[in-house]
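> Sharing model.cif, mmCIF, C-alpha atoms:
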```
data_protein
#
loop_
_atom_site.group_PDB
_atom_site.id
_atom_site.type_symbol
_atom_site.label_atom_id
_atom_site.label_comp_id
_atom_site.auth_asym_id
_atom_site.auth_seq_id
_atom_site.Cartn_x
_atom_site.Cartn_y
_atom_site.Cartn_z
ATOM 1 C CA MET A 269 36.613 -24.781 -6.425
ATOM 2 C CA ASP A 270 38.093 -24.949 -9.937
ATOM 3 C CA TYR A 271 38.935 -21.885 -12.014
ATOM 4 C CA LEU A 272 38.462 -23.612 -15.360
ATOM 5 C CA LYS A 273 35.494 -25.873 -14.624
ATOM 6 C CA GLN A 274 33.446 -22.989 -13.263
ATOM 7 C CA THR A 275 33.347 -21.639 -16.845
ATOM 8 C CA TYR A 276 30.623 -24.209 -17.538
ATOM 9 C CA LYS A 277 28.350 -22.152 -15.273
ATOM 10 C CA VAL A 278 28.289 -19.263 -17.757
ATOM 11 C CA LEU A 279 27.519 -19.004 -21.473
ATOM 12 C CA HIS A 280 30.524 -20.704 -23.050
ATOM 13 C CA ASP A 281 29.712 -21.424 -26.729
ATOM 14 C CA TRP A 282 32.854 -21.283 -28.866
ATOM 15 C CA TRP A 283 31.400 -18.562 -31.105
ATOM 16 C CA ARG A 284 30.957 -16.254 -28.114
ATOM 17 C CA TYR A 285 34.710 -16.378 -27.505
ATOM 18 C CA LEU A 286 35.381 -15.712 -31.187
ATOM 19 C CA VAL A 287 33.134 -12.648 -31.112
ATOM 20 C CA GLY A 288 34.701 -11.614 -27.819
ATOM 21 C CA VAL A 289 38.230 -11.761 -29.220
ATOM 22 C CA ILE A 290 37.141 -9.570 -32.156
ATOM 23 C CA VAL A 291 35.529 -7.047 -29.795
ATOM 24 C CA ILE A 292 38.636 -7.004 -27.595
ATOM 25 C CA PHE A 293 40.962 -6.531 -30.570
ATOM 26 C CA VAL A 294 38.877 -3.626 -31.899
ATOM 27 C CA ALA A 295 38.808 -1.981 -28.469
ATOM 28 C CA TRP A 296 42.539 -2.441 -27.941
ATOM 29 C CA GLN A 297 44.110 -1.901 -31.354
ATOM 30 C CA ILE A 298 41.614 0.426 -33.051
ATOM 31 C CA VAL A 299 39.608 2.457 -30.519
ATOM 32 C CA GLY A 300 42.402 2.495 -27.940
ATOM 33 C CA MET A 301 44.993 3.652 -30.477
ATOM 34 C CA ILE A 302 43.039 6.714 -31.590
ATOM 35 C CA PRO A 303 44.598 9.127 -29.027
ATOM 36 C CA LEU A 304 48.139 8.091 -30.007
ATOM 37 C CA LEU A 305 47.346 8.374 -33.715
ATOM 38 C CA VAL A 306 45.832 11.819 -33.197
ATOM 39 C CA PHE A 307 48.973 13.126 -31.473
ATOM 40 C CA LEU A 308 51.228 11.547 -34.094
ATOM 41 C CA GLY A 309 49.025 13.058 -36.808
ATOM 42 C CA ILE A 310 49.423 16.520 -35.291
ATOM 43 C CA GLU A 311 53.199 16.103 -35.310
ATOM 44 C CA MET A 312 53.156 15.005 -38.943
ATOM 45 C CA VAL A 313 51.044 18.008 -39.882
ATOM 46 C CA ASN A 314 53.751 20.097 -38.256
ATOM 47 C CA GLY A 315 56.380 18.492 -40.467
ATOM 48 C CA ALA A 316 57.463 15.347 -38.625
ATOM 49 C CA ALA A 317 58.181 12.223 -40.661
ATOM 50 C CA LEU A 318 55.892 9.192 -40.435
ATOM 51 C CA THR A 319 57.417 6.481 -38.225
ATOM 52 C CA THR A 320 56.424 3.230 -36.567
ATOM 53 C CA ASP A 321 59.651 2.916 -34.557
ATOM 54 C CA ILE A 322 58.975 3.021 -30.805
ATOM 55 C CA SER A 323 62.121 4.981 -29.957
ATOM 56 C CA ALA A 324 61.395 7.528 -32.702
ATOM 57 C CA MET A 325 57.790 7.995 -31.546
ATOM 58 C CA ALA A 326 58.910 8.408 -27.936
ATOM 59 C CA GLU A 327 61.461 11.016 -28.996
ATOM 60 C CA LEU A 328 58.868 12.805 -31.122
ATOM 61 C CA LEU A 329 56.185 13.026 -28.439
ATOM 62 C CA GLY A 330 58.323 12.835 -25.315
ATOM 63 C CA ASN A 331 58.722 9.718 -23.206
ATOM 64 C CA ASN A 332 55.921 10.390 -20.738
ATOM 65 C CA LEU A 333 53.321 11.467 -23.283
ATOM 66 C CA PHE A 334 54.126 8.514 -25.547
ATOM 67 C CA LEU A 335 53.950 6.066 -22.621
ATOM 68 C CA PHE A 336 50.645 7.562 -21.481
ATOM 69 C CA LEU A 337 49.081 7.317 -24.948
ATOM 70 C CA MET A 338 50.396 3.792 -25.514
ATOM 71 C CA LEU A 339 49.021 2.563 -22.187
ATOM 72 C CA ILE A 340 45.609 4.072 -22.911
ATOM 73 C CA SER A 341 45.098 1.434 -25.613
ATOM 74 C CA PHE A 342 45.592 -1.348 -23.066
ATOM 75 C CA ALA A 343 43.149 0.305 -20.667
ATOM 76 C CA VAL A 344 40.525 0.395 -23.421
ATOM 77 C CA GLY A 345 41.375 -3.231 -24.249
ATOM 78 C CA LEU A 346 40.750 -4.188 -20.609
ATOM 79 C CA VAL A 347 37.304 -2.607 -20.839
ATOM 80 C CA GLY A 348 36.737 -4.748 -23.943
ATOM 81 C CA VAL A 349 37.636 -7.929 -22.027
ATOM 82 C CA ILE A 350 35.358 -7.068 -19.104
ATOM 83 C CA MET A 351 32.450 -6.073 -21.337
ATOM 84 C CA SER A 352 32.802 -9.201 -23.492
ATOM 85 C CA SER A 353 32.815 -11.368 -20.380
ATOM 86 C CA LYS A 354 29.802 -9.598 -18.912
ATOM 87 C CA TYR A 355 27.532 -9.285 -21.947
ATOM 88 C CA LEU A 356 28.575 -12.222 -24.145
ATOM 89 C CA HIS A 357 29.029 -14.774 -21.366
ATOM 90 C CA LYS A 358 26.940 -13.380 -18.487
ATOM 91 C CA GLN A 359 30.059 -13.750 -16.340
ATOM 92 C CA SER A 360 30.821 -11.632 -13.298
ATOM 93 C CA PHE A 361 34.156 -9.880 -12.859
ATOM 94 C CA THR A 362 34.883 -12.015 -9.791
ATOM 95 C CA HIS A 363 34.092 -15.189 -11.747
ATOM 96 C CA LEU A 364 36.515 -14.101 -14.483
ATOM 97 C CA THR A 365 39.177 -13.422 -11.847
ATOM 98 C CA THR A 366 39.039 -16.317 -9.410
ATOM 99 C CA ALA A 367 37.276 -19.473 -8.264
ATOM 100 C CA ARG A 368 37.095 -18.029 -4.753
ATOM 101 C CA LYS A 369 33.946 -16.331 -3.490
ATOM 102 C CA LYS A 370 35.741 -12.991 -3.655
ATOM 103 C CA ILE A 371 39.015 -11.734 -5.073
ATOM 104 C CA ASP A 372 41.880 -12.420 -2.655
ATOM 105 C CA TRP A 373 43.884 -9.215 -2.792
ATOM 106 C CA SER A 374 46.314 -10.509 -0.153
ATOM 107 C CA ARG A 375 47.648 -12.886 -2.807
ATOM 108 C CA PHE A 376 48.085 -9.989 -5.224
ATOM 109 C CA TRP A 377 49.996 -7.895 -2.696
ATOM 110 C CA PHE A 378 52.155 -10.758 -1.450
ATOM 111 C CA ILE A 379 53.663 -11.539 -4.849
ATOM 112 C CA PHE A 380 53.718 -7.841 -5.816
ATOM 113 C CA ILE A 381 55.920 -7.080 -2.816
ATOM 114 C CA VAL A 382 58.087 -10.189 -3.274
ATOM 115 C CA TRP A 383 58.739 -9.517 -6.948
ATOM 116 C CA GLY A 384 59.157 -5.797 -6.322
ATOM 117 C CA ILE A 385 61.881 -6.487 -3.777
ATOM 118 C CA PHE A 386 63.536 -8.923 -6.170
ATOM 119 C CA SER A 387 63.384 -6.396 -9.033
ATOM 120 C CA VAL A 388 64.901 -3.599 -6.968
ATOM 121 C CA GLY A 389 67.527 -5.888 -5.460
ATOM 122 C CA SER A 390 68.615 -7.410 -8.769
ATOM 123 C CA THR A 391 68.838 -3.947 -10.346
ATOM 124 C CA ILE A 392 71.014 -2.666 -7.498
ATOM 125 C CA LEU A 393 73.326 -5.690 -7.813
ATOM 126 C CA SER A 394 73.556 -5.305 -11.586
ATOM 127 C CA TYR A 395 74.362 -1.607 -11.226
ATOM 128 C CA TYR A 396 76.941 -2.294 -8.498
ATOM 129 C CA PHE A 397 78.806 -4.964 -10.444
ATOM 130 C CA SER A 398 78.473 -3.323 -13.891
ATOM 131 C CA THR A 399 78.395 0.405 -13.187
ATOM 132 C CA ASP A 400 79.888 1.237 -16.579
ATOM 133 C CA ASP A 401 76.870 -0.332 -18.289
ATOM 134 C CA TYR A 402 74.494 2.260 -16.829
ATOM 135 C CA VAL A 403 73.991 6.005 -16.759
ATOM 136 C CA TYR A 404 72.262 7.496 -13.725
ATOM 137 C CA ALA A 405 69.618 9.634 -15.399
ATOM 138 C CA LEU A 406 67.280 10.973 -12.711
ATOM 139 C CA ASN A 407 65.387 14.055 -13.868
ATOM 140 C CA VAL A 408 63.031 14.875 -11.013
ATOM 141 C CA LYS A 409 60.035 16.448 -12.785
ATOM 142 C CA PRO A 410 59.716 13.874 -15.618
ATOM 143 C CA PHE A 411 60.337 11.077 -13.097
ATOM 144 C CA VAL A 412 57.512 12.276 -10.828
ATOM 145 C CA ILE A 413 55.177 12.388 -13.838
ATOM 146 C CA LEU A 414 56.387 8.915 -14.795
ATOM 147 C CA CYS A 415 55.557 7.646 -11.300
ATOM 148 C CA VAL A 416 51.963 8.865 -11.666
ATOM 149 C CA ILE A 417 51.593 7.239 -15.090
ATOM 150 C CA VAL A 418 53.118 3.991 -13.838
ATOM 151 C CA VAL A 419 50.911 3.764 -10.743
ATOM 152 C CA VAL A 420 47.694 4.588 -12.616
ATOM 153 C CA LEU A 421 48.083 2.963 -16.023
ATOM 154 C CA ILE A 422 50.625 0.142 -15.971
ATOM 155 C CA PRO A 423 48.425 -2.031 -13.703
ATOM 156 C CA LEU A 424 45.687 -1.607 -16.319
ATOM 157 C CA GLN A 425 48.100 -2.671 -19.078
ATOM 158 C CA THR A 426 49.262 -5.765 -17.212
ATOM 159 C CA SER A 427 45.721 -6.586 -16.098
ATOM 160 C CA PHE A 428 44.547 -6.456 -19.715
ATOM 161 C CA GLU A 429 47.143 -9.053 -20.694
ATOM 162 C CA GLU A 430 46.346 -11.283 -17.709
ATOM 163 C CA TYR A 431 42.559 -11.097 -18.066
ATOM 164 C CA LEU A 432 42.879 -11.758 -21.802
ATOM 165 C CA PHE A 433 45.383 -14.644 -21.762
ATOM 166 C CA ARG A 434 45.193 -16.308 -18.339
ATOM 167 C CA GLY A 435 41.534 -15.426 -17.870
ATOM 168 C CA TYR A 436 39.253 -15.077 -20.882
ATOM 169 C CA LEU A 437 41.218 -17.197 -23.376
ATOM 170 C CA MET A 438 42.355 -19.872 -20.930
ATOM 171 C CA GLN A 439 38.807 -20.432 -19.691
ATOM 172 C CA GLY A 440 37.386 -20.445 -23.218
ATOM 173 C CA LEU A 441 40.019 -22.832 -24.562
ATOM 174 C CA ALA A 442 39.604 -25.134 -21.546
ATOM 175 C CA VAL A 443 35.880 -25.710 -22.128
ATOM 176 C CA THR A 444 36.490 -26.015 -25.874
ATOM 177 C CA PHE A 445 39.313 -28.608 -25.715
ATOM 178 C CA LYS A 446 38.264 -30.018 -22.330
ATOM 179 C CA ASN A 447 41.821 -30.191 -21.004
ATOM 180 C CA ARG A 448 44.316 -27.970 -19.202
ATOM 181 C CA TRP A 449 47.658 -28.431 -20.903
ATOM 182 C CA LEU A 450 46.593 -27.193 -24.332
ATOM 183 C CA PRO A 451 45.131 -23.883 -23.074
ATOM 184 C CA LEU A 452 48.284 -23.441 -20.972
ATOM 185 C CA ILE A 453 50.552 -23.919 -23.985
ATOM 186 C CA ILE A 454 48.422 -21.876 -26.405
ATOM 187 C CA THR A 455 48.078 -18.889 -24.071
ATOM 188 C CA SER A 456 51.790 -18.975 -23.156
ATOM 189 C CA VAL A 457 52.888 -19.035 -26.790
ATOM 190 C CA GLY A 458 50.263 -16.403 -27.645
ATOM 191 C CA PHE A 459 51.570 -14.198 -24.847
ATOM 192 C CA GLY A 460 55.071 -14.580 -26.259
ATOM 193 C CA LEU A 461 53.954 -13.764 -29.791
ATOM 194 C CA LEU A 462 52.146 -10.660 -28.508
ATOM 195 C CA HIS A 463 55.573 -9.365 -27.476
ATOM 196 C CA GLY A 464 57.312 -10.677 -30.585
ATOM 197 C CA LEU A 465 57.352 -7.283 -32.275
ATOM 198 C CA ASN A 466 58.946 -5.579 -29.274
ATOM 199 C CA PRO A 467 62.298 -3.955 -30.115
ATOM 200 C CA GLU A 468 64.023 -6.224 -27.565
ATOM 201 C CA VAL A 469 63.440 -9.171 -29.889
ATOM 202 C CA ASP A 470 65.073 -7.316 -32.756
ATOM 203 C CA LYS A 471 68.124 -6.477 -30.634
ATOM 204 C CA LEU A 472 68.544 -9.753 -28.760
ATOM 205 C CA GLY A 473 67.206 -12.160 -31.354
ATOM 206 C CA PRO A 474 64.880 -15.170 -30.983
ATOM 207 C CA ILE A 475 66.295 -16.007 -27.538
ATOM 208 C CA MET A 476 64.155 -13.164 -26.172
ATOM 209 C CA MET A 477 61.106 -15.271 -26.989
ATOM 210 C CA VAL A 478 62.337 -17.798 -24.414
ATOM 211 C CA PHE A 479 61.819 -15.119 -21.781
ATOM 212 C CA TYR A 480 58.388 -14.018 -23.023
ATOM 213 C CA ILE A 481 56.978 -17.513 -23.545
ATOM 214 C CA GLY A 482 58.600 -18.708 -20.306
ATOM 215 C CA THR A 483 57.004 -15.822 -18.422
ATOM 216 C CA GLY A 484 53.630 -16.650 -19.959
ATOM 217 C CA LEU A 485 54.082 -20.266 -18.921
ATOM 218 C CA VAL A 486 54.880 -19.461 -15.292
ATOM 219 C CA LEU A 487 51.923 -17.054 -15.092
ATOM 220 C CA GLY A 488 49.669 -19.768 -16.506
ATOM 221 C CA ILE A 489 50.972 -22.294 -13.973
ATOM 222 C CA MET A 490 50.278 -19.817 -11.155
ATOM 223 C CA THR A 491 46.722 -19.386 -12.403
ATOM 224 C CA LEU A 492 45.969 -23.098 -12.746
ATOM 225 C CA MET A 493 47.587 -24.161 -9.482
ATOM 226 C CA ASP A 494 46.056 -21.320 -7.475
ATOM 227 C CA ASP A 495 42.609 -21.335 -9.159
ATOM 228 C CA GLY A 496 42.674 -17.615 -9.851
ATOM 229 C CA LEU A 497 44.443 -14.679 -11.437
ATOM 230 C CA GLU A 498 45.464 -12.864 -8.268
ATOM 231 C CA LEU A 499 49.094 -14.059 -8.275
ATOM 232 C CA ALA A 500 49.551 -13.529 -12.010
ATOM 233 C CA LEU A 501 48.086 -10.019 -11.733
ATOM 234 C CA GLY A 502 50.408 -9.090 -8.865
ATOM 235 C CA PHE A 503 53.533 -10.518 -10.477
ATOM 236 C CA HIS A 504 52.937 -8.880 -13.856
ATOM 237 C CA ALA A 505 52.083 -5.496 -12.338
ATOM 238 C CA ALA A 506 55.220 -5.495 -10.167
ATOM 239 C CA ASN A 507 57.442 -6.619 -13.029
ATOM 240 C CA ASN A 508 56.344 -3.886 -15.447
ATOM 241 C CA MET A 509 56.011 -1.106 -12.893
ATOM 242 C CA PHE A 510 59.479 -1.532 -11.408
ATOM 243 C CA THR A 511 61.015 -2.072 -14.833
ATOM 244 C CA ALA A 512 59.502 1.202 -16.076
ATOM 245 C CA LEU A 513 60.767 3.106 -13.045
ATOM 246 C CA LEU A 514 64.212 1.583 -12.674
ATOM 247 C CA VAL A 515 65.800 0.947 -16.076
ATOM 248 C CA THR A 516 65.277 1.997 -19.680
ATOM 249 C CA SER A 517 67.299 1.845 -22.891
ATOM 250 C CA ASP A 518 67.036 3.213 -26.397
ATOM 251 C CA TRP A 519 65.952 -0.216 -27.690
ATOM 252 C CA SER A 520 63.364 -1.268 -25.088
ATOM 253 C CA ALA A 521 59.596 -1.337 -25.512
ATOM 254 C CA LEU A 522 59.173 0.864 -22.431
ATOM 255 C CA GLN A 523 60.756 4.213 -23.276
ATOM 256 C CA THR A 524 60.689 5.995 -19.931
ATOM 257 C CA ASP A 525 62.465 8.648 -17.875
ATOM 258 C CA ALA A 526 63.697 5.924 -15.522
ATOM 259 C CA LEU A 527 66.371 6.200 -12.864
ATOM 260 C CA LEU A 528 68.929 4.323 -14.967
ATOM 261 C CA THR A 529 69.649 4.053 -18.673
ATOM 262 C CA TYR A 530 71.286 0.837 -19.869
ATOM 263 C CA THR A 531 73.960 1.767 -22.401
ATOM 264 C CA ALA A 532 75.940 -1.448 -22.911
ATOM 265 C CA ASP A 533 75.655 -3.893 -25.787
ATOM 266 C CA PRO A 534 72.274 -5.618 -25.276
ATOM 267 C CA GLN A 535 73.815 -8.960 -26.233
ATOM 268 C CA LYS A 536 75.483 -8.943 -22.801
ATOM 269 C CA MET A 537 72.055 -9.402 -21.235
ATOM 270 C CA ALA A 538 71.252 -12.708 -22.915
ATOM 271 C CA ILE A 539 72.176 -15.089 -20.083
ATOM 272 C CA SER A 540 71.665 -12.960 -16.977
ATOM 273 C CA GLU A 541 68.398 -11.306 -17.994
ATOM 274 C CA ILE A 542 66.703 -13.992 -20.102
ATOM 275 C CA VAL A 543 67.809 -17.545 -19.419
ATOM 276 C CA ALA A 544 68.450 -17.231 -15.669
ATOM 277 C CA PRO A 545 64.950 -15.956 -14.741
ATOM 278 C CA VAL A 546 63.201 -18.645 -16.766
ATOM 279 C CA LEU A 547 65.345 -21.608 -15.699
ATOM 280 C CA ILE A 548 66.315 -20.608 -12.154
ATOM 281 C CA VAL A 549 64.325 -17.724 -10.658
ATOM 282 C CA TYR A 550 60.851 -18.715 -11.898
ATOM 283 C CA PRO A 551 61.048 -22.316 -10.583
ATOM 284 C CA ILE A 552 62.192 -21.021 -7.197
ATOM 285 C CA LEU A 553 59.286 -18.562 -7.151
ATOM 286 C CA LEU A 554 56.796 -21.337 -7.967
ATOM 287 C CA LEU A 555 58.275 -23.456 -5.170
ATOM 288 C CA VAL A 556 57.856 -20.608 -2.667
ATOM 289 C CA LEU A 557 54.256 -20.056 -3.753
ATOM 290 C CA SER A 558 53.459 -23.764 -3.613
ATOM 291 C CA LYS A 559 54.698 -23.925 -0.010
ATOM 292 C CA LYS A 560 52.846 -20.796 1.049
ATOM 293 C CA TYR A 561 49.507 -21.701 -0.555
ATOM 294 C CA GLY A 562 49.658 -25.472 -0.192
ATOM 295 C CA TRP A 563 49.519 -26.412 -3.851
ATOM 296 C CA THR A 564 49.080 -30.138 -4.436
ATOM 297 C CA ASN A 565 48.034 -32.482 -7.247
ATOM 298 C CA TRP A 566 50.188 -30.718 -9.840
ATOM 299 C CA LYS A 567 49.595 -33.379 -12.495
ATOM 300 C CA ASP A 568 45.825 -33.035 -12.488
ATOM 301 C CA LYS A 569 45.901 -29.246 -12.133
ATOM 302 C CA LEU A 570 48.198 -28.816 -15.140
ATOM 303 C CA PHE A 571 47.353 -31.821 -17.329
ATOM 304 C CA GLY A 572 43.947 -33.083 -16.202
ATOM 305 C CA ASN A 573 40.670 -32.973 -18.099
ATOM 306 C CA VAL A 574 38.139 -30.161 -17.878
ATOM 307 C CA GLU A 575 34.882 -32.060 -18.208
ATOM 308 C CA GLU A 576 31.543 -30.444 -17.422
ATOM 309 C CA PRO A 577 30.469 -31.361 -13.873
ATOM 310 C CA PRO A 578 26.987 -32.741 -13.225
ATOM 311 C CA LYS A 579 24.504 -29.926 -12.684
ATOM 312 C CA GLU A 580 24.037 -30.907 -9.052
ATOM 313 C CA ASP A 581 27.785 -30.427 -8.489
ATOM 314 C CA TYR A 582 27.777 -26.764 -9.534
ATOM 315 C CA LYS A 583 27.217 -25.745 -5.934
ATOM 316 C CA VAL A 584 30.646 -27.241 -5.118
ATOM 317 C CA LEU A 585 32.213 -24.778 -7.566
ATOM 318 C CA ASP A 586 30.597 -21.716 -5.965
#
```
What does this structure look like when you write it as C-alpha cells?


Amino acid sequence: MDYLKQTYKVLHDWWRYLVGVIVIFVAWQIVGMIPLLVFLGIEMVNGAALTTDISAMAELLGNNLFLFLMLISFAVGLVGVIMSSKYLHKQSFTHLTTARKKIDWSRFWFIFIVWGIFSVGSTILSYYFSTDDYVYALNVKPFVILCVIVVVLIPLQTSFEEYLFRGYLMQGLAVTFKNRWLPLIITSVGFGLLHGLNPEVDKLGPIMMVFYIGTGLVLGIMTLMDDGLELALGFHAANNMFTALLVTSDWSALQTDALLTYTADPQKMAISEIVAPVLIVYPILLLVLSKKYGWTNWKDKLFGNVEEPPKEDYKVLD
C-alpha cells in the first residue's frame, strides 16, 4: 500500500489539478464567503464602518456568529475538494483519505485523544504558573453555543486544510514531480503561507511562521509515513477544537468565548508556544506514533521516488 503511488490509479493529468485548485478556491473564498459578506453588509447598511480586521468583525457580529460564518467558508471549501476529487479525477473519498481498504478511524481517535490531553494539560500548567497572564472568562450561554459550533464546524475546517494540502495537493504534486520530498516541502510551506495573514503573525512577527510551517511539515510526515490522512486529521481537529474552547485573545485568528482570555504581551509566547512545540514536542509525538504503528524505511517514505508502478502491480496497491 502506498498513499502517493495509488494516485496513478485515478485520472492524474496536471491540468486536472490546476482546474481542481481553481474550483476549490472559488468554493472556499467566493461561494463560502457569501454568508459572512451578507451579514457584514447588513451591519454596514445599519451604519457600521467597513473593516477587514478579524477582531473588529468579531466584535461587530459577536464572537459566535462571526466564528460560525467564517467556518462555513471552510465547509464549502471541503465540498469543493471532495467534488474535484470525485468528478475531475474519478477518485473515491476513501482513496483520497488513505491507502488502506477503509478509513481507519481508530488512528484518528488515538491522536485526537493524545493531543487533546496534551492541549488541556499544557493550558492548565500555563495558567497555574502564569495566572496573571489570563482572565477566567466563562460565560455559560455563549460557551455552550461555542461548544456546538466547535464540535460541528471546526472538524470541517481542519479537514478542508488536510484534504487540500496533505491529500489533494500532495498526491497531485507527487505524480507530477515523481518524488516525495518536494510535495512535502511545497505543501508545508503552502500551509504556512495560508496562515500568514493571521493576526498572530502581525503580533509575533515572522517567527510565527516557524510554527505554521513546522506544523505543516509534521502533518505531512505523518501522512507519508502512515500512508493516510487519519493521523493528520485527528491531530489538526484536536488542536483547533481545544484551542477554540480553552484560550482566546484579542489578537488571535480564533475570536471565541473561550474559558480563558490571554491578556499578557504576546511576545512572551515566542519560545514556549512556538519554538518548543516544533523542536521538542512534535519530534516526541512522531517518535510515539512510529513506535505504535511500526513505521520503518523513513528515508524512502520521505525522500524516495514516486514512479508509476507496472499495471500488473496495481492490485498490490489496493

> Using only C-alpha atoms for the distances, tell me which of A:Ala324, A:Met493, A:Thr511, A:Phe571 is nearest to A:Asp525.

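Looking only at the distances to A:Asp525, the closest residue turns out to be A:Thr511.
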
> For a quick check of understanding, using only C-alpha atoms, which of A:Gly458, A:Gly300, A:Pro545, A:Gly572 has the smallest distance to A:Phe445?

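The closest residue to A:Phe445 is A:Gly572.
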
> Could you expand the PyMOL selection byres ((chain A and resi 381-383) around 10) into the explicit residues it covers here, written as number ranges by chain?

A: 376-380, 384-389, 502-507, 510, 553

> I'd like to see the residues matched by the PyMOL selection byres ((chain A and resi 460-462) around 7) on this file, and ideally I'd get them as a ChimeraX atom specification.

/A:456-459,463-464,477,480-481,484

> Can you spit out the residues from that selection as a short mmCIF file (atom, residue, chain, number, x, y, z; two decimals), keeping the file's coordinate frame, using C-alpha atoms?


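Result file follows (result.cif):
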```
data_model
loop_
_atom_site.label_atom_id
_atom_site.label_comp_id
_atom_site.auth_asym_id
_atom_site.auth_seq_id
_atom_site.Cartn_x
_atom_site.Cartn_y
_atom_site.Cartn_z
CA SER A 456 51.79 -18.98 -23.16
CA VAL A 457 52.89 -19.04 -26.79
CA GLY A 458 50.26 -16.40 -27.64
CA PHE A 459 51.57 -14.20 -24.85
CA HIS A 463 55.57 -9.36 -27.48
CA GLY A 464 57.31 -10.68 -30.58
CA MET A 477 61.11 -15.27 -26.99
CA TYR A 480 58.39 -14.02 -23.02
CA ILE A 481 56.98 -17.51 -23.54
CA GLY A 484 53.63 -16.65 -19.96
#
```

> Compile the contact shell of stretch 420-424 of chain A as a list in words: residues with an atom at most 8 Å away, counting all atoms listed in the file, same-chain residues fewer than 6 positions apart removed.

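Listed by chain and then number, they are Phe336, Leu339, Ile340, Phe342, Ala343, Leu346, Ala505, Asn508 and Met509 of chain A.
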
> So, with only C-alpha atoms as the atoms that count, which of A:Tyr431, A:Trp373, A:Tyr396, A:Tyr276 lies closest to A:Lys358?

A:Tyr276

> Pull out every residue that the PyMOL selection byres ((chain A and resi 357) around 8) matches in the shown coordinates and put them as JSON, numbers by chain.

{"A": [278, 279, 280, 284, 352, 353, 354, 355, 356, 358, 359]}

> Which residue gives the smallest distance to A:His363 among A:Leu286, A:Ala526, A:Gly435, A:Leu501, with only C-alpha atoms counted?

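Using only C-alpha atoms, the shortest distance to A:His363 belongs to A:Gly435.
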
> To one decimal place in Å, what is the distance between atom CA of A:Leu304 and atom CA of A:Leu337?

5.2 Å
